[in-house]
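Notes to accompany the following structure.
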Amino acid sequence: MKIIVSIKQVPDTSGKVAVNPDGTLNRASMQTITNPDDMNALEAALKIKDATGCKVVVVTMGPPPAAGMLREALAMGADEAVLVSAREFGGSDTYATSQILAAAINKIGVEADDIVMCGRQAIDGDTAQVGPQIAEKLHLPQVTYAADIQKDGDTITVKRMLEDGYMTIKVQTPCLITCIKELNPPRYMSVPGIFECYSKPYEVFGYETLKDDPLIDPTTIGLKGSPTNIFKSFTPPPKGAGMMLELSLIHI
């Protein structure tokens, strides 16, 4: 059994956000972090690994600097890492991104006992679309908004958080689960893990690696193949200085 965890490097929204003329984020000029919901998905996978001894594989799509984020996941306890990176993949929207990630997960391989985990949504887009789209393209049953996960043999019992309560669903593996922050507090990297992370298996899937997968169609990947069209994107101007008003109270 293995768990494949899709994680994403996102801009640190507490800092400066820059936008390219074509409407895409200028990620090279911004500080980055691992998407928070993806950290909850990784922790859920590591907890199942602690209980069962299964293998955890982390995968991300992004530029070469995303390797640092993958090393951090390996230092937390993941066993293998895969970076999906190519110029042909740049500028992909959620539809194109899910095409590419689904092809990469196909390349890794999804067996009968396996689970794919994703964060609910990424803080740079807030769409919550990529996880469900991957499940659809891999023909996997999916359970979203997981606030609790219990594994029993080849079935997973998931408590979904809804706006007005909870829903409990039992799903059979293989399946895809998207996780929310209420699921768990992510663990820290360990000192032994930091020393070991550079000796763990690490692969890069480029365009040549994935081009033979039916999902990798040049007309539906990358910026030109993305059906989402951005009308306008800009960095909001900084707020001006406030005005202090002093009021005096008159007692009658």
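For the structure tokens, the naming scheme is as follows: chains receive sequential letters (A, B, ...) according to their order of presentation, residues are indexed from 1 within each chain, and ligands are indexed from 1 in presentation order.
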Secondary structure check, alpha helix (DSSP H) residues of segment 13-232 of chain A, as a ChimeraX atom specification: /A:36-52,67-76,94-108,130-138,191-196,207-210
I want to know what sits within 12 Å of Tyr188 of chain A, based on only C-alpha atoms, with residues of the same chain fewer than 4 positions away left out; could you give that as an mmCIF file with N, CA and C atoms, in the first residue's frame?
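Dumped everything to selection.cif:
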```
data_model
loop_
_atom_site.group_PDB
_atom_site.id
_atom_site.type_symbol
_atom_site.label_atom_id
_atom_site.label_comp_id
_atom_site.auth_asym_id
_atom_site.auth_seq_id
_atom_site.Cartn_x
_atom_site.Cartn_y
_atom_site.Cartn_z
ATOM 1 N N MET A 39 -0.375 20.495 3.825
ATOM 2 C CA MET A 39 0.349 20.017 5.004
ATOM 3 C C MET A 39 -0.535 19.101 5.846
ATOM 4 N N ASN A 40 -1.835 19.407 5.917
ATOM 5 C CA ASN A 40 -2.764 18.539 6.650
ATOM 6 C C ASN A 40 -2.928 17.201 5.931
ATOM 7 N N LEU A 42 -0.595 15.787 4.074
ATOM 8 C CA LEU A 42 0.657 15.060 4.306
ATOM 9 C C LEU A 42 0.677 14.450 5.704
ATOM 10 N N GLU A 43 0.229 15.209 6.692
ATOM 11 C CA GLU A 43 0.199 14.684 8.063
ATOM 12 C C GLU A 43 -0.749 13.487 8.163
ATOM 13 N N LEU A 46 1.070 10.558 6.806
ATOM 14 C CA LEU A 46 2.137 10.100 7.699
ATOM 15 C C LEU A 46 1.563 9.370 8.913
ATOM 16 N N GLU A 72 11.580 19.109 2.320
ATOM 17 C CA GLU A 72 10.983 19.303 3.645
ATOM 18 C C GLU A 72 9.956 18.202 3.931
ATOM 19 N N ALA A 73 9.172 17.832 2.913
ATOM 20 C CA ALA A 73 8.201 16.747 3.101
ATOM 21 C C ALA A 73 8.909 15.425 3.384
ATOM 22 N N LEU A 74 10.046 15.195 2.710
ATOM 23 C CA LEU A 74 10.829 13.987 2.982
ATOM 24 C C LEU A 74 11.389 14.018 4.399
ATOM 25 N N ALA A 75 11.795 15.210 4.854
ATOM 26 C CA ALA A 75 12.327 15.342 6.211
ATOM 27 C C ALA A 75 11.243 15.122 7.260
ATOM 28 N N MET A 76 9.985 15.360 6.899
ATOM 29 C CA MET A 76 8.875 15.117 7.830
ATOM 30 C C MET A 76 8.557 13.632 7.948
ATOM 31 N N GLY A 77 8.958 12.842 6.926
ATOM 32 C CA GLY A 77 8.700 11.411 7.012
ATOM 33 C C GLY A 77 8.250 10.757 5.725
ATOM 34 N N PRO A 192 16.759 13.748 12.495
ATOM 35 C CA PRO A 192 17.167 12.619 11.654
ATOM 36 C C PRO A 192 16.568 12.700 10.252
ATOM 37 N N GLY A 193 15.318 13.186 10.168
ATOM 38 C CA GLY A 193 14.681 13.317 8.857
ATOM 39 C C GLY A 193 15.397 14.300 7.962
ATOM 40 N N ILE A 194 15.875 15.402 8.542
ATOM 41 C CA ILE A 194 16.607 16.398 7.756
ATOM 42 C C ILE A 194 17.895 15.786 7.204
#
```
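Take the candidates A:Met243, A:Leu249, A:Leu215, A:Cys175 and check each one against Lys107 of chain A using only C-alpha atoms; the shortest distance goes to A:Leu215.
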Please report, as a tab-separated table (two decimals) with all heavy atoms, in the first residue's frame, each residue of segment 57-248 of chain A to which DSSP assigns strand (DSSP E or B) when run on this structure's backbone.
```tsv
chain	number	residue	atom	x	y	z
A	57	VAL	N	4.37	8.89	-0.88
A	57	VAL	CA	5.03	9.55	-2.00
A	57	VAL	C	4.43	10.94	-2.15
A	57	VAL	O	3.21	11.09	-2.25
A	57	VAL	CB	4.83	8.76	-3.32
A	57	VAL	CG1	5.57	9.44	-4.47
A	57	VAL	CG2	5.30	7.32	-3.16
A	58	VAL	N	5.28	11.97	-2.15
A	58	VAL	CA	4.79	13.34	-2.36
A	58	VAL	C	5.09	13.75	-3.80
A	58	VAL	O	6.15	13.44	-4.34
A	58	VAL	CB	5.43	14.34	-1.37
A	58	VAL	CG1	4.86	14.16	0.01
A	58	VAL	CG2	6.94	14.23	-1.35
A	59	VAL	N	4.14	14.45	-4.41
A	59	VAL	CA	4.29	14.90	-5.79
A	59	VAL	C	3.84	16.34	-5.89
A	59	VAL	O	2.88	16.75	-5.23
A	59	VAL	CB	3.50	13.99	-6.76
A	59	VAL	CG1	2.02	13.99	-6.42
A	59	VAL	CG2	3.70	14.43	-8.21
A	60	THR	N	4.56	17.14	-6.68
A	60	THR	CA	4.16	18.52	-6.90
A	60	THR	C	4.48	18.91	-8.32
A	60	THR	O	5.38	18.33	-8.96
A	60	THR	CB	4.88	19.49	-5.93
A	60	THR	OG1	4.25	20.77	-6.00
A	60	THR	CG2	6.35	19.66	-6.29
A	61	MET	N	3.74	19.87	-8.86
A	61	MET	CA	4.06	20.46	-10.15
A	61	MET	C	4.52	21.88	-9.92
A	61	MET	O	3.83	22.66	-9.25
A	61	MET	CB	2.84	20.44	-11.08
A	61	MET	CG	3.17	20.87	-12.50
A	61	MET	SD	1.74	20.83	-13.60
A	61	MET	CE	1.09	22.48	-13.37
A	80	GLU	N	9.29	9.05	-0.67
A	80	GLU	CA	9.74	9.37	-2.03
A	80	GLU	C	9.13	10.70	-2.45
A	80	GLU	O	8.09	11.11	-1.93
A	80	GLU	CB	9.33	8.28	-3.03
A	80	GLU	CG	9.92	6.91	-2.74
A	80	GLU	CD	9.47	5.86	-3.75
A	80	GLU	OE1	8.86	6.25	-4.79
A	80	GLU	OE2	9.69	4.66	-3.50
A	81	ALA	N	9.79	11.36	-3.42
A	81	ALA	CA	9.29	12.65	-3.90
A	81	ALA	C	9.39	12.70	-5.42
A	81	ALA	O	10.34	12.15	-6.01
A	81	ALA	CB	10.07	13.80	-3.28
A	82	VAL	N	8.42	13.36	-6.05
A	82	VAL	CA	8.40	13.53	-7.51
A	82	VAL	C	8.10	14.99	-7.82
A	82	VAL	O	7.09	15.53	-7.36
A	82	VAL	CB	7.34	12.63	-8.17
A	82	VAL	CG1	7.27	12.91	-9.67
A	82	VAL	CG2	7.64	11.15	-7.91
A	83	LEU	N	8.97	15.62	-8.59
A	83	LEU	CA	8.76	16.99	-9.07
A	83	LEU	C	8.34	16.92	-10.54
A	83	LEU	O	9.07	16.36	-11.36
A	83	LEU	CB	10.03	17.82	-8.92
A	83	LEU	CG	10.00	19.22	-9.57
A	83	LEU	CD1	8.94	20.10	-8.91
A	83	LEU	CD2	11.37	19.89	-9.49
A	84	VAL	N	7.18	17.47	-10.85
A	84	VAL	CA	6.69	17.54	-12.23
A	84	VAL	C	7.00	18.94	-12.73
A	84	VAL	O	6.41	19.92	-12.26
A	84	VAL	CB	5.18	17.24	-12.29
A	84	VAL	CG1	4.69	17.26	-13.74
A	84	VAL	CG2	4.87	15.90	-11.63
A	115	ILE	N	-4.11	5.21	-1.79
A	115	ILE	CA	-4.91	6.41	-1.53
A	115	ILE	C	-4.17	7.60	-2.13
A	115	ILE	O	-2.95	7.70	-2.03
A	115	ILE	CB	-5.12	6.65	-0.02
A	115	ILE	CG1	-5.69	5.40	0.66
A	115	ILE	CG2	-6.03	7.85	0.23
A	115	ILE	CD1	-5.68	5.50	2.19
A	116	VAL	N	-4.92	8.51	-2.75
A	116	VAL	CA	-4.37	9.80	-3.19
A	116	VAL	C	-4.95	10.87	-2.27
A	116	VAL	O	-6.16	10.90	-2.03
A	116	VAL	CB	-4.74	10.10	-4.66
A	116	VAL	CG1	-4.14	11.44	-5.09
A	116	VAL	CG2	-4.24	8.98	-5.58
A	117	MET	N	-4.08	11.72	-1.73
A	117	MET	CA	-4.54	12.79	-0.83
A	117	MET	C	-4.11	14.15	-1.35
A	117	MET	O	-3.01	14.30	-1.89
A	117	MET	CB	-3.98	12.58	0.58
A	117	MET	CG	-4.60	11.43	1.33
A	117	MET	SD	-4.07	11.40	3.06
A	117	MET	CE	-5.09	10.06	3.68
A	118	CYS	N	-4.99	15.11	-1.18
A	118	CYS	CA	-4.71	16.50	-1.57
A	118	CYS	C	-5.24	17.42	-0.48
A	118	CYS	O	-6.10	17.03	0.31
A	118	CYS	CB	-5.43	16.87	-2.88
A	118	CYS	SG	-5.15	15.75	-4.26
A	119	GLY	N	-4.73	18.64	-0.45
A	119	GLY	CA	-5.35	19.65	0.39
A	119	GLY	C	-6.66	20.09	-0.24
A	119	GLY	O	-6.89	19.93	-1.45
A	142	GLN	N	-14.10	9.84	-4.78
A	142	GLN	CA	-13.50	10.94	-4.02
A	142	GLN	C	-14.36	11.33	-2.84
A	142	GLN	O	-15.59	11.23	-2.89
A	142	GLN	CB	-13.28	12.16	-4.92
A	142	GLN	CG	-14.56	12.68	-5.56
A	142	GLN	CD	-14.35	13.95	-6.35
A	142	GLN	OE1	-14.05	15.00	-5.79
A	142	GLN	NE2	-14.50	13.85	-7.67
A	143	VAL	N	-13.68	11.75	-1.78
A	143	VAL	CA	-14.35	12.30	-0.61
A	143	VAL	C	-13.64	13.61	-0.28
A	143	VAL	O	-12.42	13.63	-0.09
A	143	VAL	CB	-14.29	11.35	0.60
A	143	VAL	CG1	-15.09	11.94	1.76
A	143	VAL	CG2	-14.82	9.97	0.25
A	144	THR	N	-14.39	14.69	-0.20
A	144	THR	CA	-13.80	16.01	0.01
A	144	THR	C	-14.06	16.52	1.43
A	144	THR	O	-14.92	16.00	2.14
A	144	THR	CB	-14.38	17.02	-1.00
A	144	THR	OG1	-15.82	17.04	-0.89
A	144	THR	CG2	-14.01	16.61	-2.43
A	145	TYR	N	-13.30	17.55	1.83
A	145	TYR	CA	-13.47	18.23	3.12
A	145	TYR	C	-13.35	17.26	4.29
A	145	TYR	O	-14.18	17.25	5.20
A	145	TYR	CB	-14.81	18.98	3.17
A	145	TYR	CG	-14.92	20.07	2.14
A	145	TYR	CD1	-15.45	19.81	0.88
A	145	TYR	CD2	-14.48	21.36	2.42
A	145	TYR	CE1	-15.53	20.82	-0.07
A	145	TYR	CE2	-14.56	22.37	1.47
A	145	TYR	CZ	-15.09	22.10	0.22
A	145	TYR	OH	-15.16	23.08	-0.73
A	146	ALA	N	-12.31	16.44	4.27
A	146	ALA	CA	-12.13	15.43	5.32
A	146	ALA	C	-11.66	16.07	6.62
A	146	ALA	O	-10.62	16.73	6.67
A	146	ALA	CB	-11.12	14.38	4.87
A	147	ALA	N	-12.44	15.86	7.69
A	147	ALA	CA	-12.08	16.35	9.02
A	147	ALA	C	-11.64	15.21	9.93
A	147	ALA	O	-11.15	15.46	11.03
A	147	ALA	CB	-13.26	17.09	9.65
A	148	ASP	N	-11.82	13.97	9.48
A	148	ASP	CA	-11.34	12.80	10.23
A	148	ASP	C	-11.25	11.64	9.25
A	148	ASP	O	-12.13	11.47	8.39
A	148	ASP	CB	-12.28	12.45	11.38
A	148	ASP	CG	-11.72	11.30	12.23
A	148	ASP	OD1	-10.69	11.51	12.90
A	148	ASP	OD2	-12.32	10.20	12.19
A	149	ILE	N	-10.17	10.84	9.38
A	149	ILE	CA	-9.95	9.72	8.48
A	149	ILE	C	-9.59	8.50	9.30
A	149	ILE	O	-8.66	8.53	10.11
A	149	ILE	CB	-8.82	10.01	7.47
A	149	ILE	CG1	-9.17	11.24	6.61
A	149	ILE	CG2	-8.56	8.80	6.58
A	149	ILE	CD1	-8.02	11.71	5.73
A	150	GLN	N	-10.33	7.40	9.10
A	150	GLN	CA	-10.06	6.14	9.78
A	150	GLN	C	-9.95	5.04	8.73
A	150	GLN	O	-10.86	4.87	7.93
A	150	GLN	CB	-11.17	5.80	10.78
A	150	GLN	CG	-11.35	6.83	11.88
A	150	GLN	CD	-10.16	6.94	12.81
A	150	GLN	OE1	-9.45	5.96	13.04
A	150	GLN	NE2	-9.93	8.14	13.34
A	151	LYS	N	-8.82	4.31	8.74
A	151	LYS	CA	-8.62	3.23	7.77
A	151	LYS	C	-8.90	1.89	8.44
A	151	LYS	O	-8.43	1.62	9.53
A	151	LYS	CB	-7.19	3.25	7.23
A	151	LYS	CG	-6.96	2.24	6.12
A	151	LYS	CD	-5.56	2.32	5.58
A	151	LYS	CE	-5.39	1.39	4.37
A	151	LYS	NZ	-5.72	0.00	4.66
A	152	ASP	N	-9.67	1.05	7.73
A	152	ASP	CA	-9.98	-0.29	8.22
A	152	ASP	C	-9.93	-1.25	7.04
A	152	ASP	O	-10.89	-1.34	6.26
A	152	ASP	CB	-11.36	-0.32	8.87
A	152	ASP	CG	-11.70	-1.69	9.46
A	152	ASP	OD1	-10.77	-2.51	9.61
A	152	ASP	OD2	-12.89	-1.94	9.74
A	155	THR	N	-11.10	-0.28	3.30
A	155	THR	CA	-12.09	0.80	3.33
A	155	THR	C	-11.59	1.95	4.19
A	155	THR	O	-10.83	1.76	5.14
A	155	THR	CB	-13.45	0.31	3.88
A	155	THR	OG1	-13.27	-0.13	5.24
A	155	THR	CG2	-14.01	-0.82	3.05
A	156	ILE	N	-12.03	3.15	3.84
A	156	ILE	CA	-11.69	4.37	4.58
A	156	ILE	C	-12.99	5.02	5.04
A	156	ILE	O	-13.91	5.21	4.23
A	156	ILE	CB	-10.91	5.36	3.69
A	156	ILE	CG1	-9.73	4.68	2.98
A	156	ILE	CG2	-10.44	6.55	4.51
A	156	ILE	CD1	-8.63	4.28	3.88
A	157	THR	N	-13.08	5.33	6.32
A	157	THR	CA	-14.24	6.06	6.84
A	157	THR	C	-13.83	7.51	7.05
A	157	THR	O	-12.88	7.80	7.78
A	157	THR	CB	-14.74	5.45	8.16
A	157	THR	OG1	-15.08	4.07	7.95
A	157	THR	CG2	-15.97	6.20	8.67
A	158	VAL	N	-14.53	8.41	6.38
A	158	VAL	CA	-14.18	9.83	6.38
A	158	VAL	C	-15.33	10.64	6.94
A	158	VAL	O	-16.49	10.44	6.55
A	158	VAL	CB	-13.85	10.32	4.96
A	158	VAL	CG1	-13.47	11.80	4.98
A	158	VAL	CG2	-12.73	9.50	4.35
A	159	LYS	N	-15.02	11.53	7.87
A	159	LYS	CA	-16.01	12.49	8.36
A	159	LYS	C	-15.83	13.80	7.61
A	159	LYS	O	-14.80	14.45	7.73
A	159	LYS	CB	-15.86	12.71	9.87
A	159	LYS	CG	-16.94	13.63	10.44
A	159	LYS	CD	-16.92	13.64	11.96
A	159	LYS	CE	-15.79	14.48	12.50
A	159	LYS	NZ	-15.89	14.68	13.97
A	160	ARG	N	-16.80	14.15	6.80
A	160	ARG	CA	-16.74	15.38	6.01
A	160	ARG	C	-17.33	16.54	6.79
A	160	ARG	O	-18.39	16.42	7.40
A	160	ARG	CB	-17.53	15.24	4.70
A	160	ARG	CG	-17.03	14.17	3.76
A	160	ARG	CD	-17.83	14.22	2.47
A	160	ARG	NE	-17.59	15.45	1.75
A	160	ARG	CZ	-18.55	16.18	1.18
A	160	ARG	NH1	-19.82	15.82	1.27
A	160	ARG	NH2	-18.24	17.29	0.53
A	161	MET	N	-16.63	17.67	6.76
A	161	MET	CA	-17.17	18.86	7.42
A	161	MET	C	-18.02	19.63	6.42
A	161	MET	O	-17.57	19.98	5.33
A	161	MET	CB	-16.05	19.75	7.94
A	161	MET	CG	-16.56	21.02	8.60
A	161	MET	SD	-15.25	22.05	9.30
A	161	MET	CE	-14.89	21.17	10.81
A	162	LEU	N	-19.27	19.89	6.80
A	162	LEU	CA	-20.19	20.68	5.99
A	162	LEU	C	-20.48	22.00	6.70
A	162	LEU	O	-20.07	22.21	7.84
A	162	LEU	CB	-21.48	19.90	5.75
A	162	LEU	CG	-21.32	18.48	5.17
A	162	LEU	CD1	-22.67	17.81	5.05
A	162	LEU	CD2	-20.61	18.52	3.83
A	165	GLY	N	-22.92	20.93	9.64
A	165	GLY	CA	-22.75	19.68	10.38
A	165	GLY	C	-21.68	18.80	9.74
A	165	GLY	O	-20.75	19.30	9.09
A	166	TYR	N	-21.82	17.49	9.93
A	166	TYR	CA	-20.85	16.53	9.40
A	166	TYR	C	-21.57	15.44	8.62
A	166	TYR	O	-22.74	15.15	8.86
A	166	TYR	CB	-20.06	15.87	10.54
A	166	TYR	CG	-19.14	16.81	11.27
A	166	TYR	CD1	-19.56	17.46	12.43
A	166	TYR	CD2	-17.86	17.06	10.81
A	166	TYR	CE1	-18.72	18.32	13.11
A	166	TYR	CE2	-17.00	17.92	11.47
A	166	TYR	CZ	-17.44	18.55	12.63
A	166	TYR	OH	-16.61	19.41	13.28
A	167	MET	N	-20.86	14.84	7.69
A	167	MET	CA	-21.34	13.69	6.94
A	167	MET	C	-20.29	12.60	7.03
A	167	MET	O	-19.11	12.85	6.77
A	167	MET	CB	-21.59	14.06	5.47
A	167	MET	CG	-22.00	12.89	4.58
A	167	MET	SD	-22.03	13.35	2.83
A	167	MET	CE	-23.35	14.55	2.81
A	168	THR	N	-20.68	11.38	7.39
A	168	THR	CA	-19.75	10.26	7.49
A	168	THR	C	-19.92	9.37	6.26
A	168	THR	O	-21.03	8.93	5.97
A	168	THR	CB	-19.97	9.46	8.77
A	168	THR	OG1	-19.79	10.32	9.90
A	168	THR	CG2	-18.97	8.31	8.86
A	169	ILE	N	-18.82	9.12	5.57
A	169	ILE	CA	-18.84	8.34	4.33
A	169	ILE	C	-17.79	7.23	4.43
A	169	ILE	O	-16.67	7.47	4.88
A	169	ILE	CB	-18.55	9.23	3.11
A	169	ILE	CG1	-19.68	10.23	2.90
A	169	ILE	CG2	-18.37	8.38	1.84
A	169	ILE	CD1	-19.47	11.15	1.71
A	170	LYS	N	-18.16	6.04	3.99
A	170	LYS	CA	-17.21	4.94	3.89
A	170	LYS	C	-16.91	4.71	2.40
A	170	LYS	O	-17.83	4.58	1.60
A	170	LYS	CB	-17.76	3.67	4.53
A	170	LYS	CG	-16.80	2.49	4.47
A	170	LYS	CD	-17.34	1.27	5.23
A	170	LYS	CE	-17.23	1.47	6.72
A	170	LYS	NZ	-17.57	0.23	7.48
A	171	VAL	N	-15.63	4.69	2.06
A	171	VAL	CA	-15.21	4.55	0.67
A	171	VAL	C	-14.17	3.44	0.58
A	171	VAL	O	-13.38	3.24	1.50
A	171	VAL	CB	-14.66	5.89	0.13
A	171	VAL	CG1	-13.46	6.34	0.93
A	171	VAL	CG2	-14.31	5.80	-1.35
A	172	GLN	N	-14.17	2.75	-0.54
A	172	GLN	CA	-13.22	1.66	-0.75
A	172	GLN	C	-12.02	2.18	-1.53
A	172	GLN	O	-12.14	3.05	-2.40
A	172	GLN	CB	-13.87	0.51	-1.51
A	172	GLN	CG	-13.08	-0.79	-1.46
A	172	GLN	CD	-13.94	-1.99	-1.83
A	172	GLN	OE1	-15.06	-1.85	-2.29
A	172	GLN	NE2	-13.42	-3.19	-1.62
A	175	CYS	N	-8.86	5.45	-3.74
A	175	CYS	CA	-9.74	6.61	-3.68
A	175	CYS	C	-8.90	7.86	-3.53
A	175	CYS	O	-7.69	7.80	-3.32
A	175	CYS	CB	-10.72	6.49	-2.51
A	175	CYS	SG	-9.90	6.43	-0.89
A	176	LEU	N	-9.56	9.01	-3.66
A	176	LEU	CA	-8.90	10.31	-3.45
A	176	LEU	C	-9.63	11.06	-2.35
A	176	LEU	O	-10.87	11.08	-2.33
A	176	LEU	CB	-8.88	11.13	-4.74
A	176	LEU	CG	-8.16	12.49	-4.67
A	176	LEU	CD1	-7.42	12.78	-5.98
A	176	LEU	CD2	-9.11	13.63	-4.35
A	177	ILE	N	-8.88	11.66	-1.44
A	177	ILE	CA	-9.43	12.40	-0.31
A	177	ILE	C	-8.81	13.80	-0.28
A	177	ILE	O	-7.59	13.94	-0.42
A	177	ILE	CB	-9.14	11.68	1.02
A	177	ILE	CG1	-9.74	10.27	1.02
A	177	ILE	CG2	-9.68	12.48	2.21
A	177	ILE	CD1	-9.32	9.43	2.22
A	178	THR	N	-9.65	14.83	-0.13
A	178	THR	CA	-9.12	16.17	0.08
A	178	THR	C	-9.30	16.55	1.55
A	178	THR	O	-10.33	16.24	2.15
A	178	THR	CB	-9.80	17.22	-0.82
A	178	THR	OG1	-11.15	17.45	-0.41
A	178	THR	CG2	-9.78	16.78	-2.28
A	179	CYS	N	-8.29	17.19	2.11
A	179	CYS	CA	-8.20	17.40	3.57
A	179	CYS	C	-8.29	18.88	3.92
A	179	CYS	O	-7.84	19.75	3.16
A	179	CYS	CB	-6.87	16.82	4.08
A	179	CYS	SG	-6.61	15.09	3.63
A	202	TYR	N	14.22	10.58	-5.23
A	202	TYR	CA	13.69	11.86	-5.73
A	202	TYR	C	13.76	11.82	-7.25
A	202	TYR	O	14.82	11.55	-7.83
A	202	TYR	CB	14.53	13.01	-5.17
A	202	TYR	CG	14.17	14.36	-5.72
A	202	TYR	CD1	13.19	15.14	-5.12
A	202	TYR	CD2	14.80	14.87	-6.85
A	202	TYR	CE1	12.85	16.38	-5.62
A	202	TYR	CE2	14.48	16.12	-7.35
A	202	TYR	CZ	13.50	16.87	-6.75
A	202	TYR	OH	13.15	18.09	-7.25
A	203	GLU	N	12.63	12.07	-7.91
A	203	GLU	CA	12.58	12.03	-9.37
A	203	GLU	C	12.00	13.32	-9.92
A	203	GLU	O	11.23	14.02	-9.25
A	203	GLU	CB	11.71	10.87	-9.85
A	203	GLU	CG	12.28	9.49	-9.64
A	203	GLU	CD	11.43	8.43	-10.32
A	203	GLU	OE1	11.58	8.22	-11.54
A	203	GLU	OE2	10.60	7.82	-9.61
A	204	VAL	N	12.36	13.62	-11.17
A	204	VAL	CA	11.79	14.75	-11.90
A	204	VAL	C	11.08	14.20	-13.13
A	204	VAL	O	11.70	13.50	-13.94
A	204	VAL	CB	12.87	15.77	-12.30
A	204	VAL	CG1	12.23	16.91	-13.11
A	204	VAL	CG2	13.58	16.33	-11.08
A	205	PHE	N	9.79	14.50	-13.25
A	205	PHE	CA	9.02	14.13	-14.43
A	205	PHE	C	8.91	15.36	-15.32
A	205	PHE	O	8.22	16.33	-14.98
A	205	PHE	CB	7.62	13.65	-14.06
A	205	PHE	CG	7.55	12.32	-13.37
A	205	PHE	CD1	6.33	11.81	-12.94
A	205	PHE	CD2	8.69	11.56	-13.15
A	205	PHE	CE1	6.25	10.57	-12.30
A	205	PHE	CE2	8.62	10.32	-12.50
A	205	PHE	CZ	7.40	9.83	-12.08
```
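Among the candidates A:Val130, A:Ile7, A:Leu210, A:Ile180, the one nearest to Ser85 of chain A when counting only C-alpha atoms is A:Leu210.
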Contact residues around Thr32 of chain A with only C-alpha atoms at 8 Å, ignoring same-chain residues under 3 positions, as a PyMOL selection string: chain A and resi 9-12+27
Deliver the residues from the most recent selection as a file, using C-alpha atoms, as an mmCIF file, in the first residue's frame.
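Printed below is out-v8.cif as written:
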```
data_model
loop_
_atom_site.group_PDB
_atom_site.id
_atom_site.type_symbol
_atom_site.label_atom_id
_atom_site.label_comp_id
_atom_site.auth_asym_id
_atom_site.auth_seq_id
_atom_site.Cartn_x
_atom_site.Cartn_y
_atom_site.Cartn_z
ATOM 1 C CA GLN A 9 4.350 25.543 -3.373
ATOM 2 C CA VAL A 10 2.360 28.775 -3.047
ATOM 3 C CA PRO A 11 3.218 32.450 -2.494
ATOM 4 C CA ASP A 12 3.374 33.559 1.106
ATOM 5 C CA ARG A 27 6.332 33.509 -8.355
#
```
Rank A:Tyr95, A:Tyr198, A:Phe89, A:Tyr207 by their smallest atom-to-atom distance to Asn229 of chain A, using only C-alpha atoms, and report the top residue only.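 Result for the nearest residue to Asn229 of chain A: A:Tyr95.
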Using Å and a single decimal, report how far atom CA of Thr127 of chain A sits from atom CA of Ala103 of chain A.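 Pair atom CA of Ala103 of chain A / atom CA of Thr127 of chain A returns 20.6 Å.
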Of A:Thr94, A:Ser14, A:Thr34, A:Thr173, the one sitting nearest Met1 of chain A when using only C-alpha atoms is A:Thr173
Give me, please, the distance in Å between atom CA of Pro214 of chain A and atom CA of Glu88 of chain A, quoted to one decimal.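 Spanning atom CA of Pro214 of chain A to atom CA of Glu88 of chain A is a straight-line distance of 15.6 Å.
For the choices A:Asn106, A:Thr209, A:Gln121, A:Ser190, the atom-to-atom distance to Lys8 of chain A is smallest for A:Gln121 when using only C-alpha atoms.
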Distance query segment 131-135 of chain A at most 6 Å, only C-alpha atoms, self and fewer than 4 positions along chain excluded, as a ChimeraX atom specification: /A:98,102,118,139-140
Export, as a PDB file, in the first residue's frame, the selected residues with all heavy atoms.
```pdb
ATOM      1  N   SER A  98      -4.624  19.661 -13.348  1.00  0.00           N
ATOM      2  CA  SER A  98      -5.136  18.340 -12.974  1.00  0.00           C
ATOM      3  C   SER A  98      -4.828  17.307 -14.055  1.00  0.00           C
ATOM      4  O   SER A  98      -4.591  16.133 -13.745  1.00  0.00           O
ATOM      5  CB  SER A  98      -6.643  18.399 -12.697  1.00  0.00           C
ATOM      6  OG  SER A  98      -7.362  18.745 -13.861  1.00  0.00           O
ATOM      7  N   ALA A 102      -2.598  14.213 -12.866  1.00  0.00           N
ATOM      8  CA  ALA A 102      -3.194  12.891 -13.038  1.00  0.00           C
ATOM      9  C   ALA A 102      -2.277  11.994 -13.861  1.00  0.00           C
ATOM     10  O   ALA A 102      -2.114  10.805 -13.558  1.00  0.00           O
ATOM     11  CB  ALA A 102      -4.563  13.015 -13.703  1.00  0.00           C
ATOM     12  N   CYS A 118      -4.986  15.114  -1.181  1.00  0.00           N
ATOM     13  CA  CYS A 118      -4.715  16.498  -1.570  1.00  0.00           C
ATOM     14  C   CYS A 118      -5.239  17.419  -0.478  1.00  0.00           C
ATOM     15  O   CYS A 118      -6.103  17.028   0.311  1.00  0.00           O
ATOM     16  CB  CYS A 118      -5.429  16.865  -2.880  1.00  0.00           C
ATOM     17  SG  CYS A 118      -5.155  15.755  -4.259  1.00  0.00           S
ATOM     18  N   HIS A 139     -10.519   8.332 -12.569  1.00  0.00           N
ATOM     19  CA  HIS A 139     -11.682   7.462 -12.359  1.00  0.00           C
ATOM     20  C   HIS A 139     -11.665   6.855 -10.951  1.00  0.00           C
ATOM     21  O   HIS A 139     -11.925   5.668 -10.759  1.00  0.00           O
ATOM     22  CB  HIS A 139     -11.725   6.354 -13.415  1.00  0.00           C
ATOM     23  CG  HIS A 139     -11.652   6.867 -14.825  1.00  0.00           C
ATOM     24  ND1 HIS A 139     -12.676   7.569 -15.413  1.00  0.00           N
ATOM     25  CD2 HIS A 139     -10.654   6.798 -15.744  1.00  0.00           C
ATOM     26  CE1 HIS A 139     -12.333   7.909 -16.642  1.00  0.00           C
ATOM     27  NE2 HIS A 139     -11.108   7.456 -16.873  1.00  0.00           N
ATOM     28  N   LEU A 140     -11.383   7.724  -9.973  1.00  0.00           N
ATOM     29  CA  LEU A 140     -11.335   7.296  -8.578  1.00  0.00           C
ATOM     30  C   LEU A 140     -12.526   7.871  -7.817  1.00  0.00           C
ATOM     31  O   LEU A 140     -12.924   9.019  -8.049  1.00  0.00           O
ATOM     32  CB  LEU A 140     -10.046   7.789  -7.906  1.00  0.00           C
ATOM     33  CG  LEU A 140      -8.719   7.226  -8.407  1.00  0.00           C
ATOM     34  CD1 LEU A 140      -7.567   7.923  -7.694  1.00  0.00           C
ATOM     35  CD2 LEU A 140      -8.648   5.730  -8.181  1.00  0.00           C
TER      36      LEU A 140
END
```
